[in-house]
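Novice: My structure is stored as structure_5.pdb, with PDB, C-alpha atoms.
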```
ATOM      1  CA  MET A   6     119.888-101.294 -61.094
ATOM      2  CA  ALA A   7     122.352-103.837 -59.681
ATOM      3  CA  VAL A   8     125.864-104.298 -61.026
ATOM      4  CA  ARG A   9     126.357-107.670 -62.686
ATOM      5  CA  ILE A  10     129.593-109.173 -63.942
ATOM      6  CA  ASN A  11     130.115-112.139 -66.217
ATOM      7  CA  THR A  12     131.969-115.329 -65.323
ATOM      8  CA  ALA A  13     135.196-114.285 -67.069
ATOM      9  CA  ALA A  14     135.319-111.100 -64.971
ATOM     10  CA  ARG A  15     134.456-113.051 -61.807
ATOM     11  CA  ASN A  16     137.273-115.518 -62.521
ATOM     12  CA  ALA A  17     139.754-112.721 -63.234
ATOM     13  CA  SER A  18     138.824-110.999 -59.962
ATOM     14  CA  ALA A  19     139.151-114.185 -57.910
ATOM     15  CA  ASN A  20     142.481-115.043 -59.572
ATOM     16  CA  ALA A  21     143.758-111.511 -58.835
ATOM     17  CA  ILE A  22     143.026-111.948 -55.110
ATOM     18  CA  ALA A  23     144.779-115.320 -55.159
ATOM     19  CA  ALA A  24     147.794-113.710 -56.863
ATOM     20  CA  LEU A  25     147.976-111.036 -54.154
ATOM     21  CA  VAL A  26     148.029-113.704 -51.414
ATOM     22  CA  ASP A  27     150.768-115.533 -53.345
ATOM     23  CA  GLY A  28     152.752-112.278 -53.735
ATOM     24  CA  GLY A  29     156.193-111.875 -52.253
ATOM     25  CA  SER A  30     159.061-114.334 -52.171
ATOM     26  CA  GLY A  31     157.354-117.110 -50.190
ATOM     27  CA  ALA A  32     154.035-118.540 -49.126
ATOM     28  CA  GLY A  33     151.233-116.393 -47.757
ATOM     29  CA  LYS A  34     149.736-116.902 -44.329
ATOM     30  CA  LEU A  35     146.255-117.313 -42.951
ATOM     31  CA  ARG A  36     145.719-115.968 -39.435
ATOM     32  CA  ILE A  37     142.782-116.722 -37.167
ATOM     33  CA  TYR A  38     141.809-114.054 -34.608
ATOM     34  CA  SER A  39     139.277-113.796 -31.801
ATOM     35  CA  GLY A  40     136.743-110.988 -31.646
ATOM     36  CA  SER A  41     135.195-108.901 -34.384
ATOM     37  CA  GLN A  42     136.567-108.434 -37.874
ATOM     38  CA  PRO A  43     138.040-104.952 -38.487
ATOM     39  CA  ALA A  44     136.478-102.545 -40.983
ATOM     40  CA  THR A  45     138.878-103.494 -43.811
ATOM     41  CA  PRO A  46     142.000-105.630 -44.413
ATOM     42  CA  ALA A  47     143.933-102.328 -44.415
ATOM     43  CA  THR A  48     142.977-101.844 -40.745
ATOM     44  CA  ALA A  49     145.286-103.226 -38.041
ATOM     45  CA  PRO A  50     144.081-106.635 -36.813
ATOM     46  CA  THR A  51     141.935-106.776 -33.684
ATOM     47  CA  GLY A  52     141.502-109.563 -31.167
ATOM     48  CA  THR A  53     144.016-112.204 -30.166
ATOM     49  CA  LEU A  54     146.012-114.148 -32.755
ATOM     50  CA  LEU A  55     144.837-117.704 -32.099
ATOM     51  CA  ALA A  56     146.465-119.645 -34.947
ATOM     52  CA  GLU A  57     148.686-119.013 -37.970
ATOM     53  CA  PHE A  58     148.862-121.247 -41.033
ATOM     54  CA  THR A  59     151.575-121.097 -43.697
ATOM     55  CA  LEU A  60     149.794-121.717 -46.983
ATOM     56  CA  SER A  61     150.865-123.654 -50.040
ATOM     57  CA  ASP A  62     152.584-121.563 -52.675
ATOM     58  CA  PRO A  63     150.405-121.093 -54.709
ATOM     59  CA  ALA A  64     147.645-121.092 -52.071
ATOM     60  CA  PHE A  65     144.667-121.372 -54.437
ATOM     61  CA  ALA A  66     143.650-123.331 -57.519
ATOM     62  CA  ALA A  67     142.605-121.407 -60.644
ATOM     63  CA  ALA A  68     139.174-119.815 -60.452
ATOM     64  CA  VAL A  69     136.087-121.705 -61.567
ATOM     65  CA  ALA A  70     132.680-120.009 -61.697
ATOM     66  CA  GLY A  71     134.107-116.930 -59.970
ATOM     67  CA  ALA A  72     135.583-118.783 -56.994
ATOM     68  CA  VAL A  73     139.065-119.847 -55.905
ATOM     69  CA  GLY A  74     139.446-122.685 -53.426
ATOM     70  CA  LEU A  75     142.165-122.777 -50.780
ATOM     71  CA  ASP A  76     144.571-125.703 -51.237
ATOM     72  CA  THR A  77     143.703-127.867 -48.225
ATOM     73  CA  THR A  78     145.061-131.168 -49.535
ATOM     74  CA  PRO A  79     146.280-132.386 -47.184
ATOM     75  CA  ALA A  80     144.215-130.515 -44.580
ATOM     76  CA  LEU A  81     146.047-127.552 -43.052
ATOM     77  CA  THR A  82     146.815-128.272 -39.394
ATOM     78  CA  VAL A  83     148.724-126.211 -36.799
ATOM     79  CA  THR A  84     148.702-125.980 -33.027
ATOM     80  CA  GLY A  85     146.843-123.132 -31.347
ATOM     81  CA  LEU A  86     148.889-120.122 -30.206
ATOM     82  CA  ALA A  87     146.357-118.862 -27.626
ATOM     83  CA  ASN A  88     142.990-119.733 -26.094
ATOM     84  CA  GLY A  89     139.806-118.243 -27.539
ATOM     85  CA  ALA A  90     136.888-118.447 -29.943
ATOM     86  CA  ALA A  91     137.727-117.877 -33.616
ATOM     87  CA  GLY A  92     135.908-114.803 -34.858
ATOM     88  CA  TRP A  93     137.523-113.986 -38.196
ATOM     89  CA  PHE A  94     140.546-114.649 -40.417
ATOM     90  CA  ARG A  95     143.016-112.607 -42.433
ATOM     91  CA  LEU A  96     145.022-113.646 -45.504
ATOM     92  CA  VAL A  97     148.403-111.921 -45.881
ATOM     93  CA  ASP A  98     151.135-112.270 -48.501
ATOM     94  CA  SER A  99     154.657-113.391 -47.592
ATOM     95  CA  ALA A 100     155.862-109.799 -47.356
ATOM     96  CA  GLU A 101     152.940-109.032 -44.995
ATOM     97  CA  ALA A 102     153.064-105.303 -45.584
ATOM     98  CA  ALA A 103     156.397-104.934 -43.722
ATOM     99  CA  GLY A 104     155.201-106.802 -40.646
ATOM    100  CA  THR A 105     152.162-104.602 -40.014
ATOM    101  CA  GLY A 106     149.666-107.464 -40.225
ATOM    102  CA  LEU A 107     147.724-105.606 -42.921
ATOM    103  CA  GLY A 108     146.126-108.092 -45.242
ATOM    104  CA  VAL A 109     144.729-108.933 -48.630
ATOM    105  CA  LEU A 110     141.388-110.311 -47.460
ATOM    106  CA  ASP A 111     139.436-110.815 -44.222
ATOM    107  CA  GLY A 112     136.522-113.193 -43.742
ATOM    108  CA  SER A 113     134.261-115.067 -41.387
ATOM    109  CA  VAL A 114     135.088-118.333 -39.626
ATOM    110  CA  SER A 115     132.737-121.175 -38.718
ATOM    111  CA  ALA A 116     132.872-124.832 -37.774
ATOM    112  CA  THR A 117     132.396-127.288 -40.642
ATOM    113  CA  GLY A 118     128.883-126.910 -42.037
ATOM    114  CA  GLY A 119     128.421-123.465 -40.453
ATOM    115  CA  GLY A 120     128.587-121.457 -43.683
ATOM    116  CA  GLY A 121     131.668-119.347 -42.892
ATOM    117  CA  ASP A 122     134.065-118.136 -45.575
ATOM    118  CA  LEU A 123     136.555-120.438 -43.841
ATOM    119  CA  THR A 124     135.491-123.689 -42.190
ATOM    120  CA  MET A 125     137.468-125.422 -39.473
ATOM    121  CA  ASN A 126     137.098-128.532 -37.355
ATOM    122  CA  THR A 127     136.281-126.273 -34.376
ATOM    123  CA  THR A 128     136.095-122.565 -33.626
ATOM    124  CA  THR A 129     137.289-123.114 -30.052
ATOM    125  CA  ILE A 130     141.071-122.822 -30.141
ATOM    126  CA  SER A 131     143.386-123.774 -27.281
ATOM    127  CA  THR A 132     147.116-123.306 -26.849
ATOM    128  CA  GLY A 133     149.006-126.359 -28.105
ATOM    129  CA  VAL A 134     145.907-128.158 -29.442
ATOM    130  CA  ASN A 135     145.626-128.959 -33.167
ATOM    131  CA  VAL A 136     143.490-126.673 -35.352
ATOM    132  CA  THR A 137     142.503-127.831 -38.841
ATOM    133  CA  ILE A 138     141.150-125.905 -41.825
ATOM    134  CA  ASN A 139     138.829-128.098 -43.870
ATOM    135  CA  ALA A 140     137.911-125.658 -46.635
ATOM    136  CA  GLY A 141     138.176-122.037 -47.693
ATOM    137  CA  THR A 142     136.762-120.300 -50.742
ATOM    138  CA  VAL A 143     136.914-116.768 -52.105
ATOM    139  CA  THR A 144     133.839-116.161 -54.298
ATOM    140  CA  MET A 145     133.172-113.079 -56.406
ATOM    141  CA  PRO A 146     129.605-111.759 -56.788
ATOM    142  CA  SER A 147     127.644-113.122 -59.726
ATOM    143  CA  GLY A 148     125.651-111.510 -62.448
TER     144      GLY A 148
END
```
Kindly transcribe the structure held in the file into structure tokens.

Specialist:
Amino acid sequence: MAVRINTAARNASANAIAALVDGGSGAGKLRIYSGSQPATPATAPTGTLLAEFTLSDPAFAAAVAGAVGLDTTPALTVTGLANGAAGWFRLVDSAEAAGTGLGVLDGSVSATGGGGDLTMNTTTISTGVNVTINAGTVTMPSG
């Protein structure tokens, strides 16, 4: 039999993840890497760091229907740090586990309309060229 959770539990779970990203004395960060996503957010990051976004503080709106949406108003834009294809992202709090790069959450990346956990204007990142995040959502499983 499958585990099912109600909307209140889904919202509480999503809000707890958002609170972890907002933890520490400042804003959390979202990092885009090339290559394959590591086994867990507690695993050292793999691939090349392609872009790093400083998030709003708080980074997410309150959960609705078990999902928290990343504050992208206005759209989050930075310049690329290296050349490569975006493979995955990591959310870290402002303390960033003492500089280890260990995170709160990892997820998939796609171009807008591609169905990734995080959507961007392009997944091809180049040094010094603008990279924009259009949307990002953390969604808890439903019942």

Novice: Between A:Ala68, A:Leu25, A:Val8, A:Val136, which residue has the minimum interatomic distance to A:Asp98, considering all atoms listed in the file?

Specialist: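 Residue with the minimum atom-to-atom distance to A:Asp98: A:Leu25.
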
Novice: Show me, as a PyMOL selection string, the residues that have an atom within 8 Å of A:Ala23 when counting all atoms listed in the file, minus same-chain residues fewer than 5 positions from it.

Specialist: chain A and resi 64-65+73

Novice: Determine the nearest neighbour of A:Gly40 from the options A:Asn135, A:Thr128, A:Ser61, A:Ser147, counting only C-alpha atoms.

Specialist: A:Thr128

Novice: Counting all atoms listed in the file, what is within 8 Å of A:Thr77, bar same-chain residues fewer than 6 positions away, as a ChimeraX atom specification?

Specialist: /A:138-140

Novice: Using all atoms listed in the file, pick whichever of A:Ser99, A:Thr53, A:Thr45, A:Thr82 has the shortest atom-to-atom distance to A:Asn126.

Specialist: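 With all atoms listed in the file as the atom set, the closest residue is A:Thr82.
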
Novice: Step by step, work through what the PyMOL selection byres ((chain A and resi 84) around 10) selects in the shown file, and finish by giving those residues as a ChimeraX atom specification.

Specialist: /A:55-58,82-83,85-87,130-137

Novice: Report the residues retrieved by the PyMOL selection byres ((chain A and resi 22) around 12) from the displayed file, expressed as a PyMOL selection string.

Specialist: chain A and resi 15-21+23-28+33+63-68+71-75+96-98+108-111+142-145

Novice: Could you check the closest approach to A:Ala13 for each of A:Glu101, A:Trp93, A:Ala70, A:Asp76 and tell me which residue wins, using all atoms listed in the file?

Specialist: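 Closest residue, counting all atoms listed in the file: A:Ala70.
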
Novice: Hey, can you check how far atom CA of A:Ala116 sits from atom CA of A:Pro46?

Specialist: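 Taking atom CA of A:Ala116 as the start and atom CA of A:Pro46 as the end point, the length is 22.3 Å.
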
Novice: Can you write stretch 111-142 of chain A from the block above with N, CA, C and O atoms, as a PDB file, in the first residue's frame?

Specialist:
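As a result, out-v5.pdb now contains:
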```
ATOM      1  N   ASP A 111      18.578  19.119  -4.031  1.00  0.00           N
ATOM      2  CA  ASP A 111      19.097  19.068  -5.400  1.00  0.00           C
ATOM      3  C   ASP A 111      17.921  18.794  -6.328  1.00  0.00           C
ATOM      4  O   ASP A 111      16.931  18.181  -5.920  1.00  0.00           O
ATOM      5  N   GLY A 112      18.046  19.203  -7.591  1.00  0.00           N
ATOM      6  CA  GLY A 112      16.984  18.918  -8.545  1.00  0.00           C
ATOM      7  C   GLY A 112      17.447  19.027  -9.982  1.00  0.00           C
ATOM      8  O   GLY A 112      18.589  19.398 -10.260  1.00  0.00           O
ATOM      9  N   SER A 113      16.537  18.700 -10.870  1.00  0.00           N
ATOM     10  CA  SER A 113      16.825  18.716 -12.300  1.00  0.00           C
ATOM     11  C   SER A 113      16.661  20.121 -12.879  1.00  0.00           C
ATOM     12  O   SER A 113      15.973  20.960 -12.323  1.00  0.00           O
ATOM     13  N   VAL A 114      17.316  20.341 -14.008  1.00  0.00           N
ATOM     14  CA  VAL A 114      17.273  21.620 -14.713  1.00  0.00           C
ATOM     15  C   VAL A 114      16.812  21.362 -16.142  1.00  0.00           C
ATOM     16  O   VAL A 114      17.234  20.388 -16.767  1.00  0.00           O
ATOM     17  N   SER A 115      15.955  22.240 -16.664  1.00  0.00           N
ATOM     18  CA  SER A 115      15.590  22.166 -18.074  1.00  0.00           C
ATOM     19  C   SER A 115      15.363  23.583 -18.593  1.00  0.00           C
ATOM     20  O   SER A 115      15.219  24.526 -17.826  1.00  0.00           O
ATOM     21  N   ALA A 116      15.309  23.693 -19.913  1.00  0.00           N
ATOM     22  CA  ALA A 116      14.907  24.955 -20.531  1.00  0.00           C
ATOM     23  C   ALA A 116      13.407  25.134 -20.283  1.00  0.00           C
ATOM     24  O   ALA A 116      12.696  24.169 -19.975  1.00  0.00           O
ATOM     25  N   THR A 117      12.926  26.350 -20.393  1.00  0.00           N
ATOM     26  CA  THR A 117      11.515  26.648 -20.192  1.00  0.00           C
ATOM     27  C   THR A 117      10.655  25.687 -21.006  1.00  0.00           C
ATOM     28  O   THR A 117      10.914  25.461 -22.181  1.00  0.00           O
ATOM     29  N   GLY A 118       9.667  25.083 -20.341  1.00  0.00           N
ATOM     30  CA  GLY A 118       8.782  24.135 -20.992  1.00  0.00           C
ATOM     31  C   GLY A 118       9.298  22.710 -20.991  1.00  0.00           C
ATOM     32  O   GLY A 118       8.609  21.799 -21.441  1.00  0.00           O
ATOM     33  N   GLY A 119      10.500  22.477 -20.445  1.00  0.00           N
ATOM     34  CA  GLY A 119      11.112  21.152 -20.482  1.00  0.00           C
ATOM     35  C   GLY A 119      10.756  20.251 -19.326  1.00  0.00           C
ATOM     36  O   GLY A 119      11.158  19.094 -19.293  1.00  0.00           O
ATOM     37  N   GLY A 120      10.031  20.765 -18.317  1.00  0.00           N
ATOM     38  CA  GLY A 120       9.572  19.927 -17.223  1.00  0.00           C
ATOM     39  C   GLY A 120      10.548  19.723 -16.079  1.00  0.00           C
ATOM     40  O   GLY A 120      10.283  18.914 -15.203  1.00  0.00           O
ATOM     41  N   GLY A 121      11.672  20.456 -16.056  1.00  0.00           N
ATOM     42  CA  GLY A 121      12.622  20.318 -14.962  1.00  0.00           C
ATOM     43  C   GLY A 121      12.078  20.909 -13.670  1.00  0.00           C
ATOM     44  O   GLY A 121      11.119  21.686 -13.674  1.00  0.00           O
ATOM     45  N   ASP A 122      12.704  20.529 -12.550  1.00  0.00           N
ATOM     46  CA  ASP A 122      12.340  21.126 -11.264  1.00  0.00           C
ATOM     47  C   ASP A 122      12.628  22.621 -11.283  1.00  0.00           C
ATOM     48  O   ASP A 122      11.969  23.404 -10.610  1.00  0.00           O
ATOM     49  N   LEU A 123      13.639  23.003 -12.069  1.00  0.00           N
ATOM     50  CA  LEU A 123      14.024  24.398 -12.248  1.00  0.00           C
ATOM     51  C   LEU A 123      14.053  24.656 -13.740  1.00  0.00           C
ATOM     52  O   LEU A 123      14.644  23.884 -14.493  1.00  0.00           O
ATOM     53  N   THR A 124      13.380  25.717 -14.190  1.00  0.00           N
ATOM     54  CA  THR A 124      13.408  26.056 -15.610  1.00  0.00           C
ATOM     55  C   THR A 124      14.170  27.348 -15.815  1.00  0.00           C
ATOM     56  O   THR A 124      14.069  28.274 -15.021  1.00  0.00           O
ATOM     57  N   MET A 125      14.939  27.362 -16.893  1.00  0.00           N
ATOM     58  CA  MET A 125      15.792  28.508 -17.222  1.00  0.00           C
ATOM     59  C   MET A 125      15.586  28.880 -18.685  1.00  0.00           C
ATOM     60  O   MET A 125      15.051  28.102 -19.458  1.00  0.00           O
ATOM     61  N   ASN A 126      16.076  30.064 -19.044  1.00  0.00           N
ATOM     62  CA  ASN A 126      15.947  30.489 -20.438  1.00  0.00           C
ATOM     63  C   ASN A 126      16.755  29.593 -21.369  1.00  0.00           C
ATOM     64  O   ASN A 126      16.396  29.391 -22.526  1.00  0.00           O
ATOM     65  N   THR A 127      17.844  29.020 -20.890  1.00  0.00           N
ATOM     66  CA  THR A 127      18.667  28.090 -21.657  1.00  0.00           C
ATOM     67  C   THR A 127      19.456  27.220 -20.695  1.00  0.00           C
ATOM     68  O   THR A 127      19.754  27.646 -19.585  1.00  0.00           O
ATOM     69  N   THR A 128      19.776  26.003 -21.137  1.00  0.00           N
ATOM     70  CA  THR A 128      20.620  25.136 -20.312  1.00  0.00           C
ATOM     71  C   THR A 128      22.069  25.179 -20.780  1.00  0.00           C
ATOM     72  O   THR A 128      22.925  24.532 -20.184  1.00  0.00           O
ATOM     73  N   THR A 129      22.342  25.933 -21.834  1.00  0.00           N
ATOM     74  CA  THR A 129      23.715  26.137 -22.294  1.00  0.00           C
ATOM     75  C   THR A 129      24.233  27.407 -21.646  1.00  0.00           C
ATOM     76  O   THR A 129      23.715  28.495 -21.899  1.00  0.00           O
ATOM     77  N   ILE A 130      25.233  27.268 -20.787  1.00  0.00           N
ATOM     78  CA  ILE A 130      25.740  28.403 -20.023  1.00  0.00           C
ATOM     79  C   ILE A 130      27.151  28.723 -20.497  1.00  0.00           C
ATOM     80  O   ILE A 130      27.963  27.828 -20.716  1.00  0.00           O
ATOM     81  N   SER A 131      27.412  30.018 -20.683  1.00  0.00           N
ATOM     82  CA  SER A 131      28.721  30.482 -21.137  1.00  0.00           C
ATOM     83  C   SER A 131      29.246  31.541 -20.184  1.00  0.00           C
ATOM     84  O   SER A 131      28.469  32.343 -19.646  1.00  0.00           O
ATOM     85  N   THR A 132      30.533  31.569 -20.010  1.00  0.00           N
ATOM     86  CA  THR A 132      31.182  32.554 -19.145  1.00  0.00           C
ATOM     87  C   THR A 132      30.798  33.960 -19.580  1.00  0.00           C
ATOM     88  O   THR A 132      30.908  34.307 -20.756  1.00  0.00           O
ATOM     89  N   GLY A 133      30.315  34.760 -18.634  1.00  0.00           N
ATOM     90  CA  GLY A 133      30.001  36.161 -18.887  1.00  0.00           C
ATOM     91  C   GLY A 133      28.689  36.427 -19.591  1.00  0.00           C
ATOM     92  O   GLY A 133      28.326  37.584 -19.798  1.00  0.00           O
ATOM     93  N   VAL A 134      27.942  35.386 -19.949  1.00  0.00           N
ATOM     94  CA  VAL A 134      26.654  35.555 -20.637  1.00  0.00           C
ATOM     95  C   VAL A 134      25.535  35.394 -19.612  1.00  0.00           C
ATOM     96  O   VAL A 134      25.597  34.532 -18.735  1.00  0.00           O
ATOM     97  N   ASN A 135      24.488  36.224 -19.720  1.00  0.00           N
ATOM     98  CA  ASN A 135      23.383  36.177 -18.765  1.00  0.00           C
ATOM     99  C   ASN A 135      22.673  34.829 -18.766  1.00  0.00           C
ATOM    100  O   ASN A 135      22.437  34.236 -19.813  1.00  0.00           O
ATOM    101  N   VAL A 136      22.325  34.385 -17.537  1.00  0.00           N
ATOM    102  CA  VAL A 136      21.539  33.175 -17.301  1.00  0.00           C
ATOM    103  C   VAL A 136      20.350  33.611 -16.456  1.00  0.00           C
ATOM    104  O   VAL A 136      20.515  34.314 -15.457  1.00  0.00           O
ATOM    105  N   THR A 137      19.146  33.169 -16.852  1.00  0.00           N
ATOM    106  CA  THR A 137      17.932  33.590 -16.154  1.00  0.00           C
ATOM    107  C   THR A 137      17.132  32.380 -15.694  1.00  0.00           C
ATOM    108  O   THR A 137      16.945  31.435 -16.450  1.00  0.00           O
ATOM    109  N   ILE A 138      16.672  32.427 -14.442  1.00  0.00           N
ATOM    110  CA  ILE A 138      15.751  31.416 -13.926  1.00  0.00           C
ATOM    111  C   ILE A 138      14.342  31.987 -14.080  1.00  0.00           C
ATOM    112  O   ILE A 138      14.037  33.059 -13.575  1.00  0.00           O
ATOM    113  N   ASN A 139      13.495  31.229 -14.778  1.00  0.00           N
ATOM    114  CA  ASN A 139      12.121  31.656 -14.995  1.00  0.00           C
ATOM    115  C   ASN A 139      11.167  31.138 -13.934  1.00  0.00           C
ATOM    116  O   ASN A 139      10.184  31.795 -13.619  1.00  0.00           O
ATOM    117  N   ALA A 140      11.435  29.950 -13.406  1.00  0.00           N
ATOM    118  CA  ALA A 140      10.538  29.370 -12.406  1.00  0.00           C
ATOM    119  C   ALA A 140      11.234  28.231 -11.683  1.00  0.00           C
ATOM    120  O   ALA A 140      12.124  27.587 -12.251  1.00  0.00           O
ATOM    121  N   GLY A 141      10.834  28.007 -10.452  1.00  0.00           N
ATOM    122  CA  GLY A 141      11.330  26.876  -9.675  1.00  0.00           C
ATOM    123  C   GLY A 141      10.302  26.525  -8.617  1.00  0.00           C
ATOM    124  O   GLY A 141       9.775  27.422  -7.960  1.00  0.00           O
ATOM    125  N   THR A 142       9.999  25.253  -8.480  1.00  0.00           N
ATOM    126  CA  THR A 142       8.993  24.808  -7.536  1.00  0.00           C
ATOM    127  C   THR A 142       9.479  23.570  -6.806  1.00  0.00           C
ATOM    128  O   THR A 142      10.069  22.682  -7.415  1.00  0.00           O
TER     129      THR A 142
END
```
